[in-house]
Number of protein chains: 2
Amino acid sequence: MKASVLFSGGKDSSLSAILLDRFFDVELVTCSFSVLPIGDIAKEVADELGFSHRVLKLDNEILENAFNIIVKDGFPKNAINYIHHKAVETLASDDDVAVIADGIRRDDRVPLLTNPQIRSIEDRHGVHYICPLLGYGRAAVNTLVEQYLVIEEGQSDDIIKADYETELREIIRQRVGQDEIDKIFPSHVQSRVIGRVK
Amino acid sequence: MKASVLFSGGKDSSLSAILLDRFFDVELVTCSFSVLPIGDIAKEVADELGFSHRVLKLDNEILENAFNIIVKDGFPKNAINYIHHKAVETLASDDDVAVIADGIRRDDRVPLLTNPQIRSIEDRHGVHYICPLLGYGRAAVNTLVEQYLVIEEGQSDDIIKADYETELREIIRQRVGQDEIDKIFPSHVQSRVIGRVK
């Protein structure tokens with residue numbers, strides 16, 4: 001059975017794919033609004049990991065709505081959750097998709113679907129939505145990452161990830177300016193997957 | 001790295017072990033108060049699955065406390081959760097244990113550790129507590145079970161599982177009588193793992 005893993009090129013989605021590799025035909029799916037070439041960035045990582053990869057173009061109306069949410073809120077949580085929900089909906093509506101895998105961990109708070117949202121998506125689209133790392137804490141994930149992935153770390157400004165935040169930051173930069181990004185998004189250490197331990 | 005999987009011989013703990021098999025040295029651990037030979041029942045299943053297995057004897061004071069809780073409550077939830085918490089604590093205090101795996105699913109309500117309980121156990125004992133199936137709904141678990149396990153199903157009275165409920169039912173039967181068991185425990189379909197799909 002095929003599993004479509006939502007893929008940002010980060011360690012959580014990479015590790016999720018590796019955990020599922022033996023049990024499903026894994027394809028990595030990167031959602032993009034085509035604002036930045038994040039599909040290409042993710043494809044490079046996918047190639048390093050040895051998984052098939054495709055880009056799912058999301059409707060730009062979703063990005064516009066998320067932009068309005070984040071500018072009104074002044075913090076990213078609701079906008080990121082909104083994009084994530086719409087991304088999972090979009091993927092679930094693909095007739096060739098039977099299993100959607102999401103790399104969220106036990107300690108993650110964003111992006112997070114609620115249980116009613118998950119059940120609604122599963123029931124309406126006839127898919128399984130699974131989170132292989134949901135039962136793993138940060139330390140357990142790091143232990144597996146060290147064993148199976150080669151990563152490099154840096155501040156969020158320096159590392160371009162293929163996640164929702166990257167394109168949302170870009171349109172805020174274009175329309176409002178860099179200062180606004182620094183106000184809205186806390187700077188944090190990001191990781192980039194650069195290879196797989198063979 | 002070794003992972004100690006809490007093992008009842010049921011499909012959730014069996015599937016958890018299979019999911020972890022490639023990433024950890026899996027040992028199956030069945031907790032028992034030695035009221036019934038559930039360790040032997042679990043060992044038979046473990047042999048079928050091809051995993052090493054051991055029985056962890058739990059302090060009978062735990063069973064006594066659980067008996068008092070369930071007789072007072074008239075329903076099993078708190079007593080089962082109490083035993084489970086103490087079982088995980090007992091396993092975590094073993095110096096040879098680094099990773100504890102628990103087979104609970106997304107939809108399970110009992111037994112369930114709270115996040116503060118989990119963090120406390122991880123911090124005090126220096127272990128990882130992981131739930132490989134926590135991010136899987138019932139339907140997704142069933143799909144994997146069909147692929148990897150051979151099971152048989154029956155009413156809970158007919159199938160002896162190596163879980164906390166089995167020994168708790170037995171001391172209620174001995175001390176209070178069968179009628180009380182039927183009042184306290186709802187009858188439900190149980191499954192027994194009888195083999196692994198090669």
# chains A, B, ... in the order shown; residues from 1 in each chain; ligands from 1
>>> select_by_dssp(residues="chain A", states="strand (DSSP E or B)", output="MDAnalysis selection string")
chainID A and resid 2:6 25:32 52:57 99:101 128:130 149:155 189:196
>>> select_by_dssp(residues="segment 43-175 of chain A", states="helix (DSSP H, G or I)", output="count of residues only")
71
>>> atom_distance(atom1="atom CA of Pro116 of chain A", atom2="atom CA of Val99 of chain A")
17.6 Å
>>> interface_residues(of="chain A", to="chain B", cutoff="10 Å", atoms="only C-alpha atoms", output="VMD selection string")
chain A and resid 1 18 to 20 22 to 24 99 101 to 107 115 118 to 119 122 127 to 141 143 to 144 147 to 148
>>> calpha_fit_and_write(fixed="chain B", moving="chain A", output="tab-separated table (two decimals) with C-alpha atoms, in the first residue's frame")
chain	number	residue	atom	x	y	z
A	1	MET	CA	19.69	0.10	21.07
A	2	LYS	CA	17.36	-2.23	22.95
A	3	ALA	CA	13.62	-1.50	23.12
A	4	SER	CA	11.50	-3.24	25.75
A	5	VAL	CA	7.98	-3.62	24.36
A	6	LEU	CA	5.17	-4.09	26.89
A	7	PHE	CA	3.59	-7.26	25.55
A	8	SER	CA	0.13	-8.70	26.16
A	9	GLY	CA	0.12	-11.10	23.22
A	10	GLY	CA	-2.54	-8.90	21.59
A	11	LYS	CA	-2.40	-7.36	18.15
A	12	ASP	CA	-1.43	-3.84	19.21
A	13	SER	CA	1.64	-4.83	21.20
A	14	SER	CA	2.59	-7.41	18.54
A	15	LEU	CA	2.32	-4.84	15.76
A	16	SER	CA	4.30	-2.31	17.81
A	17	ALA	CA	7.13	-4.83	18.11
A	18	ILE	CA	7.09	-5.47	14.37
A	19	LEU	CA	7.17	-1.72	13.60
A	20	LEU	CA	10.22	-1.29	15.83
A	21	ASP	CA	12.01	-4.47	14.77
A	22	ARG	CA	14.22	-2.84	12.18
A	23	PHE	CA	15.28	0.08	14.35
A	24	PHE	CA	15.80	-1.47	17.79
A	25	ASP	CA	16.81	-4.75	19.39
A	26	VAL	CA	13.31	-5.69	20.46
A	27	GLU	CA	12.59	-7.65	23.63
A	28	LEU	CA	9.01	-8.35	24.63
A	29	VAL	CA	8.16	-7.89	28.31
A	30	THR	CA	4.99	-9.26	29.88
A	31	CYS	CA	4.04	-7.91	33.29
A	32	SER	CA	2.47	-10.42	35.64
A	33	PHE	CA	1.45	-10.82	39.28
A	34	SER	CA	1.79	-14.62	38.92
A	35	VAL	CA	-1.92	-15.08	39.67
A	36	LEU	CA	-2.35	-16.85	36.32
A	37	PRO	CA	0.31	-18.21	33.94
A	38	ILE	CA	-0.06	-15.27	31.57
A	39	GLY	CA	3.71	-15.12	31.13
A	40	ASP	CA	3.59	-18.56	29.52
A	41	ILE	CA	0.69	-17.56	27.27
A	42	ALA	CA	2.57	-14.47	26.11
A	43	LYS	CA	5.78	-16.43	25.59
A	44	GLU	CA	4.01	-18.75	23.13
A	45	VAL	CA	2.94	-15.75	21.04
A	46	ALA	CA	6.39	-14.18	21.33
A	47	ASP	CA	7.91	-17.40	20.00
A	48	GLU	CA	5.48	-17.38	17.06
A	49	LEU	CA	6.51	-13.78	16.30
A	50	GLY	CA	10.20	-14.56	16.65
A	51	PHE	CA	11.05	-12.12	19.44
A	52	SER	CA	12.89	-12.67	22.70
A	53	HIS	CA	10.58	-12.51	25.69
A	54	ARG	CA	10.70	-12.16	29.45
A	55	VAL	CA	8.23	-11.88	32.28
A	56	LEU	CA	8.43	-8.94	34.69
A	57	LYS	CA	7.00	-9.87	38.08
A	58	LEU	CA	5.06	-6.94	39.51
A	59	ASP	CA	4.71	-6.34	43.23
A	60	ASN	CA	1.48	-7.91	44.52
A	61	GLU	CA	0.75	-4.76	46.49
A	62	ILE	CA	-0.01	-3.14	43.12
A	63	LEU	CA	-2.66	-5.77	42.42
A	64	GLU	CA	-4.13	-5.37	45.91
A	65	ASN	CA	-4.41	-1.61	45.44
A	66	ALA	CA	-5.95	-2.08	41.98
A	67	PHE	CA	-8.46	-4.56	43.44
A	68	ASN	CA	-9.52	-2.01	46.04
A	69	ILE	CA	-9.83	0.71	43.38
A	70	ILE	CA	-11.96	-1.38	41.02
A	71	VAL	CA	-14.29	-2.73	43.71
A	72	LYS	CA	-14.86	0.81	44.99
A	73	ASP	CA	-15.30	2.28	41.48
A	74	GLY	CA	-17.40	-0.48	39.92
A	75	PHE	CA	-15.63	0.13	36.57
A	76	PRO	CA	-12.14	-0.81	35.39
A	77	LYS	CA	-10.57	2.38	34.01
A	78	ASN	CA	-8.79	3.76	37.09
A	79	ALA	CA	-7.57	0.37	38.29
A	80	ILE	CA	-6.16	-0.55	34.87
A	81	ASN	CA	-4.48	2.86	34.51
A	82	TYR	CA	-3.02	2.45	38.00
A	83	ILE	CA	-1.50	-0.95	37.20
A	84	HIS	CA	-0.17	0.34	33.89
A	85	HIS	CA	1.51	3.33	35.49
A	86	LYS	CA	3.15	1.09	38.11
A	87	ALA	CA	4.19	-1.43	35.44
A	88	VAL	CA	5.92	1.26	33.36
A	89	GLU	CA	7.59	2.61	36.51
A	90	THR	CA	8.81	-0.88	37.42
A	91	LEU	CA	10.19	-1.49	33.94
A	92	ALA	CA	11.79	1.97	33.78
A	93	SER	CA	13.63	1.37	37.05
A	94	ASP	CA	15.46	-1.61	35.49
A	95	ASP	CA	18.98	-0.37	34.73
A	96	ASP	CA	19.12	-2.41	31.53
A	97	VAL	CA	16.05	-0.70	30.08
A	98	ALA	CA	16.64	2.36	27.86
A	99	VAL	CA	13.54	2.44	25.65
A	100	ILE	CA	10.05	1.38	26.74
A	101	ALA	CA	7.49	0.85	23.98
A	102	ASP	CA	3.76	0.79	24.62
A	103	GLY	CA	1.18	-0.40	22.08
A	104	ILE	CA	-1.54	2.17	22.65
A	105	ARG	CA	-3.37	3.55	19.62
A	106	ARG	CA	-4.75	7.03	18.83
A	107	ASP	CA	-8.26	5.97	19.86
A	108	ASP	CA	-7.34	4.16	23.09
A	109	ARG	CA	-8.52	5.66	26.36
A	110	VAL	CA	-7.32	2.91	28.75
A	111	PRO	CA	-4.60	2.34	29.78
A	112	LEU	CA	-3.14	5.75	29.18
A	113	LEU	CA	-0.34	7.66	30.86
A	114	THR	CA	-0.72	11.43	31.04
A	115	ASN	CA	2.00	13.59	29.49
A	116	PRO	CA	3.24	14.72	32.95
A	117	GLN	CA	3.46	11.06	34.02
A	118	ILE	CA	5.44	10.23	30.87
A	119	ARG	CA	7.86	13.15	31.28
A	120	SER	CA	8.36	12.32	34.94
A	121	ILE	CA	9.23	8.70	34.15
A	122	GLU	CA	11.55	9.71	31.30
A	123	ASP	CA	13.36	12.31	33.41
A	124	ARG	CA	13.75	10.28	36.61
A	125	HIS	CA	14.81	7.04	34.95
A	126	GLY	CA	16.62	8.36	31.86
A	127	VAL	CA	14.52	6.29	29.48
A	128	HIS	CA	12.58	6.98	26.29
A	129	TYR	CA	8.91	6.03	26.48
A	130	ILE	CA	7.56	5.56	22.96
A	131	CYS	CA	4.19	4.59	21.52
A	132	PRO	CA	4.73	3.47	17.92
A	133	LEU	CA	0.97	3.24	17.22
A	134	LEU	CA	-0.12	6.46	18.92
A	135	GLY	CA	-0.38	8.20	15.56
A	136	TYR	CA	-2.45	5.39	14.00
A	137	GLY	CA	-6.25	5.13	14.08
A	138	ARG	CA	-8.07	1.85	14.45
A	139	ALA	CA	-8.56	1.37	10.69
A	140	ALA	CA	-4.89	1.97	9.89
A	141	VAL	CA	-3.85	-0.48	12.61
A	142	ASN	CA	-6.25	-3.10	11.24
A	143	THR	CA	-4.81	-2.66	7.75
A	144	LEU	CA	-1.30	-3.39	9.06
A	145	VAL	CA	-2.52	-6.23	11.30
A	146	GLU	CA	-4.08	-7.95	8.27
A	147	GLN	CA	-0.80	-7.67	6.43
A	148	TYR	CA	1.54	-8.83	9.17
A	149	LEU	CA	-0.35	-10.90	11.75
A	150	VAL	CA	-2.57	-13.97	11.89
A	151	ILE	CA	-5.25	-13.42	14.53
A	152	GLU	CA	-8.39	-15.04	15.88
A	153	GLU	CA	-11.20	-13.21	17.62
A	154	GLY	CA	-13.67	-14.10	20.35
A	155	GLN	CA	-15.51	-12.74	23.38
A	156	SER	CA	-13.31	-11.56	26.24
A	157	ASP	CA	-14.35	-14.55	28.40
A	158	ASP	CA	-13.09	-17.09	25.88
A	159	ILE	CA	-9.68	-15.61	25.09
A	160	ILE	CA	-7.05	-15.44	27.80
A	161	LYS	CA	-4.80	-12.50	27.13
A	162	ALA	CA	-1.62	-11.68	28.97
A	163	ASP	CA	-2.87	-8.25	30.02
A	164	TYR	CA	-3.57	-6.55	33.34
A	165	GLU	CA	-7.30	-7.20	33.03
A	166	THR	CA	-6.88	-10.98	33.03
A	167	GLU	CA	-5.31	-11.24	36.48
A	168	LEU	CA	-7.52	-8.51	37.91
A	169	ARG	CA	-10.60	-10.43	36.72
A	170	GLU	CA	-9.22	-13.59	38.31
A	171	ILE	CA	-8.83	-12.16	41.81
A	172	ILE	CA	-12.29	-10.57	41.56
A	173	ARG	CA	-13.64	-14.01	40.57
A	174	GLN	CA	-11.85	-15.65	43.50
A	175	ARG	CA	-12.85	-13.09	46.12
A	176	VAL	CA	-16.19	-11.70	44.98
A	177	GLY	CA	-17.51	-14.03	42.28
A	178	GLN	CA	-18.14	-14.25	38.56
A	179	ASP	CA	-21.28	-12.06	38.76
A	180	GLU	CA	-19.16	-9.11	39.86
A	181	ILE	CA	-16.84	-9.53	36.86
A	182	ASP	CA	-19.80	-9.43	34.50
A	183	LYS	CA	-20.98	-6.23	36.17
A	184	ILE	CA	-17.60	-4.48	36.16
A	185	PHE	CA	-16.19	-5.46	32.77
A	186	PRO	CA	-18.14	-4.87	29.59
A	187	SER	CA	-17.99	-7.91	27.34
A	188	HIS	CA	-16.12	-7.10	24.15
A	189	VAL	CA	-14.47	-8.81	21.24
A	190	GLN	CA	-10.86	-9.70	22.03
A	191	SER	CA	-8.25	-10.82	19.57
A	192	ARG	CA	-5.44	-13.28	19.99
A	193	VAL	CA	-2.36	-13.31	17.82
A	194	ILE	CA	-1.62	-16.82	16.59
A	195	GLY	CA	1.09	-16.13	14.05
A	196	ARG	CA	3.02	-13.76	11.86
A	197	VAL	CA	2.63	-13.41	8.11
A	198	LYS	CA	6.00	-14.29	6.67
